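S.K.: Just one file: run22.cif, with mmCIF, C-alpha atoms.
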```
data_final
loop_
_atom_site.label_atom_id
_atom_site.label_comp_id
_atom_site.auth_asym_id
_atom_site.auth_seq_id
_atom_site.Cartn_x
_atom_site.Cartn_y
_atom_site.Cartn_z
CA MET M 1 1.49 15.22 4.57
CA PHE M 2 1.98 13.71 8.00
CA ALA M 3 4.94 14.43 10.23
CA ARG M 4 8.31 13.14 9.05
CA ARG M 5 10.67 11.29 11.35
CA ARG M 6 13.75 9.11 11.22
CA SER M 7 12.89 5.40 11.10
CA PRO M 8 14.49 2.92 13.46
CA ARG M 9 16.36 0.19 11.58
CA ARG M 10 14.19 -2.90 12.12
CA HIS M 11 15.54 -5.10 9.29
CA ASP M 12 18.72 -5.34 7.27
CA ASP M 13 18.66 -4.08 3.69
CA ALA M 14 18.38 -7.53 2.08
CA SER M 15 15.47 -8.74 4.18
CA LEU M 16 13.70 -5.39 3.88
CA ALA M 17 14.02 -5.43 0.09
CA THR M 18 12.64 -8.97 -0.05
CA ALA M 19 9.78 -8.17 2.31
CA TRP M 20 8.76 -5.07 0.35
CA GLN M 21 8.97 -6.86 -3.02
CA VAL M 22 6.81 -9.73 -1.72
CA VAL M 23 4.24 -7.35 -0.21
CA SER M 24 4.21 -5.31 -3.42
CA LEU M 25 3.35 -8.38 -5.47
CA LEU M 26 0.71 -9.63 -3.03
CA LEU M 27 -1.07 -6.27 -2.76
CA ASP M 28 -1.45 -6.06 -6.52
CA TYR M 29 -4.45 -7.41 -8.44
CA PRO M 30 -4.37 -11.24 -8.16
CA THR M 31 -3.65 -13.04 -11.42
CA GLU M 32 -2.90 -16.58 -12.55
CA GLU M 33 0.76 -15.59 -12.74
CA LEU M 34 0.70 -14.60 -9.06
CA VAL M 35 -0.85 -17.95 -8.12
CA GLU M 36 1.87 -19.72 -10.12
CA ARG M 37 4.50 -17.77 -8.16
CA ARG M 38 3.12 -18.86 -4.80
CA SER M 39 5.84 -21.41 -4.03
CA LEU M 40 8.49 -18.91 -5.13
CA LEU M 41 7.07 -16.30 -2.77
CA GLU M 42 6.90 -18.81 0.08
CA ALA M 43 10.59 -19.58 -0.43
CA ALA M 44 11.43 -15.87 -0.50
CA ALA M 45 9.48 -15.26 2.73
CA ALA M 46 10.91 -18.27 4.60
CA PRO M 47 14.07 -16.56 5.95
CA LEU M 48 12.29 -13.34 6.91
CA PRO M 49 11.53 -12.49 10.56
CA ALA M 50 8.44 -14.25 11.91
CA GLU M 51 6.40 -11.04 12.17
CA VAL M 52 6.78 -10.66 8.39
CA ARG M 53 6.94 -14.29 7.29
CA ASP M 54 3.91 -15.62 9.18
CA PRO M 55 1.25 -13.20 7.86
CA VAL M 56 2.68 -13.52 4.33
CA CYS M 57 2.40 -17.30 4.53
CA ARG M 58 -1.18 -17.06 5.81
CA PHE M 59 -2.11 -14.99 2.78
CA LEU M 60 -0.27 -17.34 0.43
CA ALA M 61 -2.33 -20.21 1.86
CA VAL M 62 -5.49 -18.28 0.97
CA LEU M 63 -4.10 -17.55 -2.48
CA GLY M 64 -3.47 -21.24 -3.04
CA SER M 65 -6.90 -22.42 -1.94
CA ALA M 66 -9.28 -19.65 -3.07
CA ASP M 67 -11.12 -19.51 -6.37
CA LEU M 68 -9.17 -16.94 -8.41
CA GLY M 69 -12.25 -15.31 -9.90
CA ALA M 70 -13.81 -14.89 -6.47
CA LEU M 71 -10.55 -13.48 -5.10
CA GLN M 72 -10.36 -10.99 -7.98
CA ARG M 73 -13.90 -9.82 -7.32
CA GLU M 74 -13.11 -9.43 -3.62
CA TYR M 75 -10.01 -7.41 -4.50
CA VAL M 76 -12.03 -5.00 -6.63
CA GLU M 77 -14.74 -4.69 -3.97
CA THR M 78 -12.11 -4.06 -1.30
CA PHE M 79 -9.67 -1.68 -2.96
CA ASP M 80 -11.71 -0.11 -5.76
CA THR M 81 -15.01 0.66 -4.06
CA THR M 82 -14.10 1.24 -0.41
CA ARG M 83 -12.37 4.53 0.37
CA ARG M 84 -10.89 3.37 3.65
CA CYS M 85 -9.02 0.63 1.76
CA CYS M 86 -7.44 2.98 -0.77
CA LEU M 87 -3.93 1.94 -1.86
CA TYR M 88 -2.98 5.50 -2.84
CA LEU M 89 -1.07 6.97 0.08
CA THR M 90 -1.62 10.66 -0.62
CA TYR M 91 -5.38 10.14 -0.68
CA PHE M 92 -5.40 9.56 3.09
CA ALA M 93 -3.45 12.76 3.73
CA HIS M 94 -5.05 15.05 1.14
CA GLY M 95 -8.26 13.43 -0.10
CA ASP M 96 -9.96 15.23 -2.99
CA THR M 97 -8.08 18.50 -2.59
CA ARG M 98 -5.68 20.34 -4.84
CA LYS M 99 -2.88 19.61 -2.38
CA ARG M 100 -2.95 16.00 -3.51
CA GLY M 101 -1.65 17.01 -6.94
CA LEU M 102 1.38 18.65 -5.33
CA ALA M 103 1.93 15.60 -3.13
CA LEU M 104 1.86 13.33 -6.20
CA LEU M 105 4.42 15.57 -7.86
CA GLU M 106 6.68 15.27 -4.83
CA PHE M 107 6.52 11.46 -5.09
CA LYS M 108 7.36 11.58 -8.79
CA GLN M 109 10.26 13.96 -8.23
CA ALA M 110 11.63 11.71 -5.50
CA TYR M 111 11.64 8.80 -7.96
CA ARG M 112 13.23 10.92 -10.68
CA ARG M 113 16.06 11.99 -8.39
CA ALA M 114 16.71 8.28 -7.81
CA GLY M 115 16.86 7.69 -11.57
CA VAL M 116 13.42 6.09 -11.93
CA GLU M 117 10.73 7.24 -14.36
CA LEU M 118 7.17 5.92 -14.11
CA THR M 119 5.03 5.09 -17.09
CA ALA M 120 2.21 7.51 -17.90
CA ASP M 121 -0.52 5.28 -16.43
CA GLU M 122 1.15 4.81 -13.02
CA LEU M 123 0.36 6.99 -10.04
CA PRO M 124 3.50 7.36 -7.94
CA ASP M 125 1.77 7.09 -4.56
CA HIS M 126 0.29 3.63 -5.13
CA LEU M 127 1.57 1.48 -2.28
CA CYS M 128 2.75 -1.29 -4.63
CA VAL M 129 4.79 1.22 -6.63
CA VAL M 130 6.37 2.73 -3.51
CA LEU M 131 7.34 -0.70 -2.18
CA GLU M 132 8.77 -1.91 -5.48
CA PHE M 133 10.73 1.31 -5.76
CA GLY M 134 12.13 0.74 -2.27
CA ALA M 135 12.96 -2.90 -3.02
CA THR M 136 14.70 -2.31 -6.35
CA ALA M 137 15.83 1.32 -6.51
CA ASP M 138 16.22 3.39 -3.31
CA ARG M 139 15.34 2.01 0.10
CA ALA M 140 15.99 5.24 1.99
CA VAL M 141 13.71 7.37 -0.19
CA ALA M 142 10.92 4.80 -0.07
CA GLN M 143 11.29 4.57 3.70
CA ARG M 144 10.88 8.32 3.99
CA LEU M 145 7.75 8.29 1.82
CA LEU M 146 6.26 5.49 3.89
CA ASP M 147 7.18 7.24 7.14
CA ASP M 148 5.54 10.44 5.95
CA HIS M 149 2.32 8.50 5.30
CA ARG M 150 2.53 6.11 8.24
CA ALA M 151 -0.95 7.11 9.45
CA GLY M 152 -2.43 6.25 6.05
CA VAL M 153 -0.85 2.79 6.13
CA GLU M 154 -2.32 2.24 9.60
CA MET M 155 -5.74 3.41 8.40
CA LEU M 156 -5.52 0.86 5.59
CA ARG M 157 -4.56 -1.89 8.04
CA LEU M 158 -7.46 -1.10 10.36
CA ALA M 159 -9.94 -0.98 7.49
CA LEU M 160 -8.80 -4.35 6.17
CA ALA M 161 -9.01 -5.80 9.68
CA ASP M 162 -12.60 -4.52 10.00
CA ARG M 163 -13.48 -6.28 6.74
CA GLN M 164 -11.70 -9.47 7.84
CA SER M 165 -9.93 -9.21 4.52
CA PRO M 166 -7.21 -11.70 3.60
CA TRP M 167 -5.10 -8.72 2.51
CA HIS M 168 -4.96 -7.58 6.14
CA ASP M 169 -2.17 -10.11 6.64
CA VAL M 170 -0.19 -8.60 3.77
CA VAL M 171 -0.41 -5.10 5.25
CA LEU M 172 0.36 -6.55 8.68
CA ALA M 173 3.62 -7.89 7.22
CA LEU M 174 4.39 -4.44 5.84
CA VAL M 175 3.66 -2.73 9.16
CA ALA M 176 6.18 -5.05 10.81
CA THR M 177 8.89 -3.35 8.71
CA LEU M 178 7.81 0.20 9.60
CA PRO M 179 8.35 2.35 12.71
CA GLU M 180 5.81 2.22 15.48
CA LEU M 181 3.01 4.76 15.42
CA GLU M 182 3.86 8.02 17.15
CA SER M 183 1.33 10.22 18.91
CA ASP M 184 0.85 12.50 15.90
CA ASP M 185 0.17 9.49 13.69
CA ALA M 186 -2.35 8.10 16.18
CA ASP M 187 -4.15 11.44 16.20
CA ALA M 188 -4.16 11.50 12.40
CA VAL M 189 -5.63 7.98 12.26
CA ALA M 190 -8.37 8.96 14.71
CA ALA M 191 -9.20 11.99 12.56
CA LEU M 192 -9.35 9.84 9.42
CA ILE M 193 -11.74 7.40 11.09
CA ALA M 194 -13.98 10.22 12.28
CA LYS M 195 -13.97 12.53 9.26
CA GLY M 196 -12.30 10.91 6.28
CA PRO M 197 -9.71 12.74 4.16
CA PRO M 198 -9.95 16.46 3.34
CA SER M 199 -12.28 17.61 0.58
CA GLU M 200 -12.64 20.76 -1.52
CA ASP M 201 -15.86 19.73 -3.26
CA VAL M 202 -14.12 19.20 -6.58
CA GLY M 203 -16.86 17.01 -8.01
CA ILE M 204 -16.63 13.94 -5.79
CA ASP M 205 -19.11 13.41 -3.00
CA THR M 206 -16.84 12.52 -0.07
CA GLN M 207 -18.77 11.39 2.98
CA PRO M 208 -17.01 10.66 6.27
CA TYR M 209 -15.86 7.06 6.59
CA ALA M 210 -17.92 6.62 9.73
CA LEU M 211 -21.12 7.21 7.75
CA ASP M 212 -20.65 5.04 4.68
CA PRO M 213 -17.23 4.56 3.04
CA ARG M 214 -18.83 3.28 -0.15
CA LEU M 215 -20.69 6.48 -0.99
CA ALA M 216 -17.76 7.83 -2.99
CA GLU M 217 -15.39 6.24 -5.45
CA PRO M 218 -11.67 6.04 -4.65
CA PRO M 219 -9.11 7.26 -7.16
CA ALA M 220 -9.26 5.22 -10.36
CA ARG M 221 -6.99 2.16 -10.55
CA SER M 222 -6.05 0.29 -13.67
CA ASN M 223 -6.70 -3.46 -13.64
CA ALA M 224 -3.25 -3.91 -15.11
CA PRO M 225 -0.58 -4.89 -12.56
CA VAL M 226 1.05 -1.87 -10.97
CA ALA M 227 4.79 -1.87 -11.65
CA LEU M 228 7.73 0.43 -12.17
CA GLY M 229 8.57 -1.31 -15.42
CA THR M 230 11.69 -2.83 -13.87
CA THR M 231 10.09 -5.50 -11.68
CA ILE M 232 12.45 -8.32 -10.80
CA PRO M 233 10.35 -11.37 -9.77
CA VAL M 234 11.42 -12.61 -6.36
CA GLY M 235 13.75 -15.53 -6.75
CA ALA M 236 13.84 -15.32 -10.55
CA PRO M 237 17.09 -16.37 -12.21
#
```
In structure tokens, what does this structure look like?

M.R.:
Amino acid sequence: MFARRRSPRRHDDASLATAWQVVSLLLDYPTEELVERRSLLEAAAAPLPAEVRDPVCRFLAVLGSADLGALQREYVETFDTTRRCCLYLTYFAHGDTRKRGLALLEFKQAYRRAGVELTADELPDHLCVVLEFGATADRAVAQRLLDDHRAGVEMLRLALADRQSPWHDVVLALVATLPELESDDADAVAALIAKGPPSEDVGIDTQPYALDPRLAEPPARSNAPVALGTTIPVGAP
């Protein structure tokens, strides 16, 4: 796990909760229901600070104009077959090592202490789950988890930028709510780019990102929407 620090307060609680809920929905697998919610999400994003609102609105414009089937295929190609674009935060810090199991347990225990239990098919370190938890349950705990894995979030942003992915704007909006990178995070990002995450040769062939990020599969993801089971749609009555 990367170094922990106290986050500066960049947004008030209400705007932060809205921003994280919107980003959580937009980073999930795109569905017809998400397309139908586009105007609702635009309205939710409208009062947010420009550094959050503008990239969200750019992605929503893509969502409204793209062929849904093509966008779904691009999502799978981006997040399910490219290790640098993994949405599981502990994967960046621990890769295919036994330490990742302990890190996942720490996430789950943090949720449990806040009174939240995940369903059996949800991994607690999925970025959408962390953000929804922060938006609807415990902002401070979610902020700490995100701070601890700030380098992984930055690695994801850089990878999406390299791919010219429409989801880069969504992560850009998230980054605008997080603390700036510190020197230890920058070093961790550089190491991830050069070597990839740690590996203990537990059955997965993990090649460094710089060689070919598609040589190994990322952790499995269900095609079902990731949720805590208590999702409150933004702007719903």

S.K.: Once the PyMOL selection byres ((chain M and resi 146) around 10) has been applied to the shown file, what residues remain in the selection, as number ranges by chain?

M.R.: M: 4, 7, 89, 125, 127, 130-131, 134, 140-145, 147-153, 178-179

S.K.: Using all atoms listed in the file, list the residues that have an atom at most 6 Å from (11.7, -4.6, 4.4), coordinates as in the file, as a PyMOL selection string.

M.R.: chain M and resi 15-17+19-20+177

S.K.: Please produce a file of those selected residues containing C-alpha atoms, as a PDB file, in the frame of the given file.

M.R.:
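Listed below is the output, part12.pdb:
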```pdb
ATOM      1  CA  SER M  15      15.470  -8.740   4.180  1.00  0.00           C
ATOM      2  CA  LEU M  16      13.700  -5.390   3.880  1.00  0.00           C
ATOM      3  CA  ALA M  17      14.020  -5.430   0.090  1.00  0.00           C
ATOM      4  CA  ALA M  19       9.780  -8.170   2.310  1.00  0.00           C
ATOM      5  CA  TRP M  20       8.760  -5.070   0.350  1.00  0.00           C
ATOM      6  CA  THR M 177       8.890  -3.350   8.710  1.00  0.00           C
TER       7      THR M 177
END
```

S.K.: Would you tabulate, counting only C-alpha atoms, all residues of segment 125-170 of chain M that have an atom at most 8 Å from an atom of segment 21-29 of chain M, showing the closest pair of atoms and their distance in Å to one decimal, sorted by chain then ascending number, as a tab-separated table?

M.R.:
```
residue	atom	partner	partner_atom	distance
M:Leu127	CA	M:Ser24	CA	7.4
M:Cys128	CA	M:Ser24	CA	4.4
M:Val129	CA	M:Ser24	CA	7.3
M:Leu131	CA	M:Ser24	CA	5.7
M:Glu132	CA	M:Gln21	CA	5.5
M:Ala135	CA	M:Gln21	CA	5.6
M:Trp167	CA	M:Leu27	CA	7.1
M:Val170	CA	M:Val23	CA	6.1
```

S.K.: Suppose we keep C-alpha atoms; can you now write the selection as an mmCIF file, in the coordinates of the input?

M.R.:
```cif
data_model
loop_
_atom_site.group_PDB
_atom_site.id
_atom_site.type_symbol
_atom_site.label_atom_id
_atom_site.label_comp_id
_atom_site.auth_asym_id
_atom_site.auth_seq_id
_atom_site.Cartn_x
_atom_site.Cartn_y
_atom_site.Cartn_z
ATOM 1 C CA LEU M 127 1.570 1.480 -2.280
ATOM 2 C CA CYS M 128 2.750 -1.290 -4.630
ATOM 3 C CA VAL M 129 4.790 1.220 -6.630
ATOM 4 C CA LEU M 131 7.340 -0.700 -2.180
ATOM 5 C CA GLU M 132 8.770 -1.910 -5.480
ATOM 6 C CA ALA M 135 12.960 -2.900 -3.020
ATOM 7 C CA TRP M 167 -5.100 -8.720 2.510
ATOM 8 C CA VAL M 170 -0.190 -8.600 3.770
#
```

S.K.: Quick one: distance from atom CA of Glu51 of chain M to atom CA of Glu180 of chain M in Å, one decimal?

M.R.: 13.7 Å

S.K.: Between atom CA of Val116 of chain M and atom CA of Glu42 of chain M, what is the spacing in Å?

M.R.: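 Answer for the atom CA of Glu42 of chain M to atom CA of Val116 of chain M separation: 28.4 Å.
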
S.K.: Show me, as JSON, the centre and edge lengths in Å to one decimal of the axis-aligned box that covers every listed atom of segment 37-43 of chain M with 8 Å on each side.

M.R.:
```
{"center_x": 6.9, "center_y": -18.9, "center_z": -4.0, "size_x": 23.5, "size_y": 21.1, "size_z": 24.2}
```

S.K.: Can you tell me how far atom CA of Ala14 of chain M sits from atom CA of Thr136 of chain M, in Å to one decimal?

M.R.: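 Interatomic distance, atom CA of Ala14 of chain M to atom CA of Thr136 of chain M: 10.6 Å.
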
S.K.: Set the distance at 7 Å and use all atoms listed in the file: which residues neighbour segment 98-107 of chain M once local chain neighbours fewer than 6 positions away are removed? I'd like the list as a PyMOL selection string.

M.R.: chain M and resi 90-91+124-125

S.K.: Neighbouring residues of segment 64-68 of chain M were defined as those with any atom within 10 Å, considering all atoms listed in the file; residues of the same chain fewer than 5 positions away were excluded. Please report them as number ranges by chain.

M.R.: M: 30-32, 34-36, 38-39, 59, 73-74

S.K.: Please write the residues picked by the PyMOL selection byres ((chain M and resi 159) around 10) on this file as a VMD selection string.

M.R.: chain M and resid 78 82 to 86 153 to 158 160 to 165 168 193

S.K.: Here's the selection I'm unsure about, the PyMOL selection byres ((chain M and resi 45) around 8); applied to the file above, which residues does it give, as a list of chain:residue names?

M.R.: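 This file gives the following for the PyMOL selection byres ((chain M and resi 45) around 8): M:Thr18, M:Ala19, M:Val22, M:Leu41, M:Glu42, M:Ala43, M:Ala44, M:Ala46, M:Pro47, M:Leu48, M:Val52, M:Arg53, M:Val56, M:Cys57.
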
S.K.: Please, could you write that set of residues out with C-alpha atoms as a PDB file, in the frame of the given file?

M.R.:
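So selection-v3.pdb came out as:
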```pdb
ATOM      1  CA  THR M  18      12.640  -8.970  -0.050  1.00  0.00           C
ATOM      2  CA  ALA M  19       9.780  -8.170   2.310  1.00  0.00           C
ATOM      3  CA  VAL M  22       6.810  -9.730  -1.720  1.00  0.00           C
ATOM      4  CA  LEU M  41       7.070 -16.300  -2.770  1.00  0.00           C
ATOM      5  CA  GLU M  42       6.900 -18.810   0.080  1.00  0.00           C
ATOM      6  CA  ALA M  43      10.590 -19.580  -0.430  1.00  0.00           C
ATOM      7  CA  ALA M  44      11.430 -15.870  -0.500  1.00  0.00           C
ATOM      8  CA  ALA M  46      10.910 -18.270   4.600  1.00  0.00           C
ATOM      9  CA  PRO M  47      14.070 -16.560   5.950  1.00  0.00           C
ATOM     10  CA  LEU M  48      12.290 -13.340   6.910  1.00  0.00           C
ATOM     11  CA  VAL M  52       6.780 -10.660   8.390  1.00  0.00           C
ATOM     12  CA  ARG M  53       6.940 -14.290   7.290  1.00  0.00           C
ATOM     13  CA  VAL M  56       2.680 -13.520   4.330  1.00  0.00           C
ATOM     14  CA  CYS M  57       2.400 -17.300   4.530  1.00  0.00           C
TER      15      CYS M  57
END
```

S.K.: Would you mind completing segment 83-94 of chain M so that it carries all heavy atoms, and writing it out as a short mmCIF file (atom, residue, chain, number, x, y, z; two decimals), in the coordinates of the input?

M.R.:
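Contents of result_14.cif, as written:
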```cif
data_model
loop_
_atom_site.label_atom_id
_atom_site.label_comp_id
_atom_site.auth_asym_id
_atom_site.auth_seq_id
_atom_site.Cartn_x
_atom_site.Cartn_y
_atom_site.Cartn_z
N ARG M 83 -13.35 3.46 0.21
CA ARG M 83 -12.37 4.53 0.37
C ARG M 83 -11.37 4.27 1.50
O ARG M 83 -10.21 4.66 1.41
CB ARG M 83 -13.08 5.86 0.60
CG ARG M 83 -13.90 6.32 -0.61
CD ARG M 83 -14.78 7.53 -0.28
NE ARG M 83 -13.99 8.68 0.11
CZ ARG M 83 -14.14 9.31 1.26
NH1 ARG M 83 -15.03 8.90 2.14
NH2 ARG M 83 -13.41 10.36 1.55
N ARG M 84 -11.81 3.63 2.54
CA ARG M 84 -10.89 3.37 3.65
C ARG M 84 -9.78 2.40 3.26
O ARG M 84 -8.76 2.33 3.92
CB ARG M 84 -11.65 2.81 4.85
CG ARG M 84 -12.58 3.80 5.52
CD ARG M 84 -12.93 3.36 6.93
NE ARG M 84 -13.43 2.00 6.98
CZ ARG M 84 -13.52 1.27 8.08
NH1 ARG M 84 -13.12 1.77 9.22
NH2 ARG M 84 -14.01 0.05 8.05
N CYS M 85 -10.01 1.62 2.20
CA CYS M 85 -9.02 0.63 1.76
C CYS M 85 -8.24 1.11 0.54
O CYS M 85 -7.73 0.32 -0.24
CB CYS M 85 -9.70 -0.70 1.46
SG CYS M 85 -10.51 -1.45 2.88
N CYS M 86 -8.17 2.40 0.37
CA CYS M 86 -7.44 2.98 -0.77
C CYS M 86 -5.95 2.64 -0.68
O CYS M 86 -5.34 2.73 0.39
CB CYS M 86 -7.65 4.49 -0.76
SG CYS M 86 -6.87 5.33 -2.15
N LEU M 87 -5.36 2.26 -1.80
CA LEU M 87 -3.93 1.94 -1.86
C LEU M 87 -3.08 3.13 -2.27
O LEU M 87 -1.86 3.00 -2.40
CB LEU M 87 -3.69 0.78 -2.82
CG LEU M 87 -4.19 -0.59 -2.34
CD1 LEU M 87 -4.06 -1.63 -3.46
CD2 LEU M 87 -3.43 -1.06 -1.11
N TYR M 88 -3.70 4.30 -2.46
CA TYR M 88 -2.98 5.50 -2.84
C TYR M 88 -2.69 6.33 -1.59
O TYR M 88 -3.60 6.89 -0.98
CB TYR M 88 -3.79 6.30 -3.86
CG TYR M 88 -3.99 5.55 -5.16
CD1 TYR M 88 -5.11 4.77 -5.36
CD2 TYR M 88 -3.02 5.61 -6.16
CE1 TYR M 88 -5.29 4.06 -6.55
CE2 TYR M 88 -3.19 4.91 -7.35
CZ TYR M 88 -4.33 4.14 -7.54
OH TYR M 88 -4.49 3.43 -8.70
N LEU M 89 -1.43 6.42 -1.23
CA LEU M 89 -1.07 6.97 0.08
C LEU M 89 -1.46 8.43 0.24
O LEU M 89 -1.88 8.84 1.32
CB LEU M 89 0.44 6.81 0.30
CG LEU M 89 0.93 5.36 0.45
CD1 LEU M 89 2.44 5.34 0.62
CD2 LEU M 89 0.25 4.66 1.63
N THR M 90 -1.31 9.25 -0.79
CA THR M 90 -1.62 10.66 -0.62
C THR M 90 -3.11 10.92 -0.46
O THR M 90 -3.51 11.99 0.00
CB THR M 90 -1.09 11.49 -1.81
OG1 THR M 90 -1.77 11.10 -3.00
CG2 THR M 90 0.41 11.33 -1.98
N TYR M 91 -3.94 9.96 -0.83
CA TYR M 91 -5.38 10.14 -0.68
C TYR M 91 -5.77 10.25 0.80
O TYR M 91 -6.66 11.02 1.17
CB TYR M 91 -6.12 8.99 -1.34
CG TYR M 91 -7.62 9.18 -1.37
CD1 TYR M 91 -8.20 10.15 -2.18
CD2 TYR M 91 -8.46 8.38 -0.59
CE1 TYR M 91 -9.56 10.33 -2.21
CE2 TYR M 91 -9.82 8.55 -0.62
CZ TYR M 91 -10.37 9.53 -1.43
OH TYR M 91 -11.73 9.71 -1.45
N PHE M 92 -5.10 9.47 1.66
CA PHE M 92 -5.40 9.56 3.09
C PHE M 92 -5.03 10.93 3.65
O PHE M 92 -5.74 11.47 4.49
CB PHE M 92 -4.64 8.47 3.85
CG PHE M 92 -5.14 7.08 3.59
CD1 PHE M 92 -4.41 6.20 2.81
CD2 PHE M 92 -6.35 6.65 4.11
CE1 PHE M 92 -4.86 4.91 2.57
CE2 PHE M 92 -6.81 5.38 3.88
CZ PHE M 92 -6.08 4.50 3.10
N ALA M 93 -3.92 11.49 3.19
CA ALA M 93 -3.45 12.76 3.73
C ALA M 93 -4.18 13.95 3.13
O ALA M 93 -4.44 14.94 3.81
CB ALA M 93 -1.95 12.91 3.48
N HIS M 94 -4.54 13.87 1.84
CA HIS M 94 -5.05 15.05 1.14
C HIS M 94 -6.41 14.87 0.50
O HIS M 94 -7.01 15.86 0.05
CB HIS M 94 -4.04 15.47 0.07
CG HIS M 94 -2.67 15.76 0.62
ND1 HIS M 94 -2.43 16.80 1.49
CD2 HIS M 94 -1.50 15.11 0.45
CE1 HIS M 94 -1.14 16.80 1.82
NE2 HIS M 94 -0.55 15.78 1.21
#
```
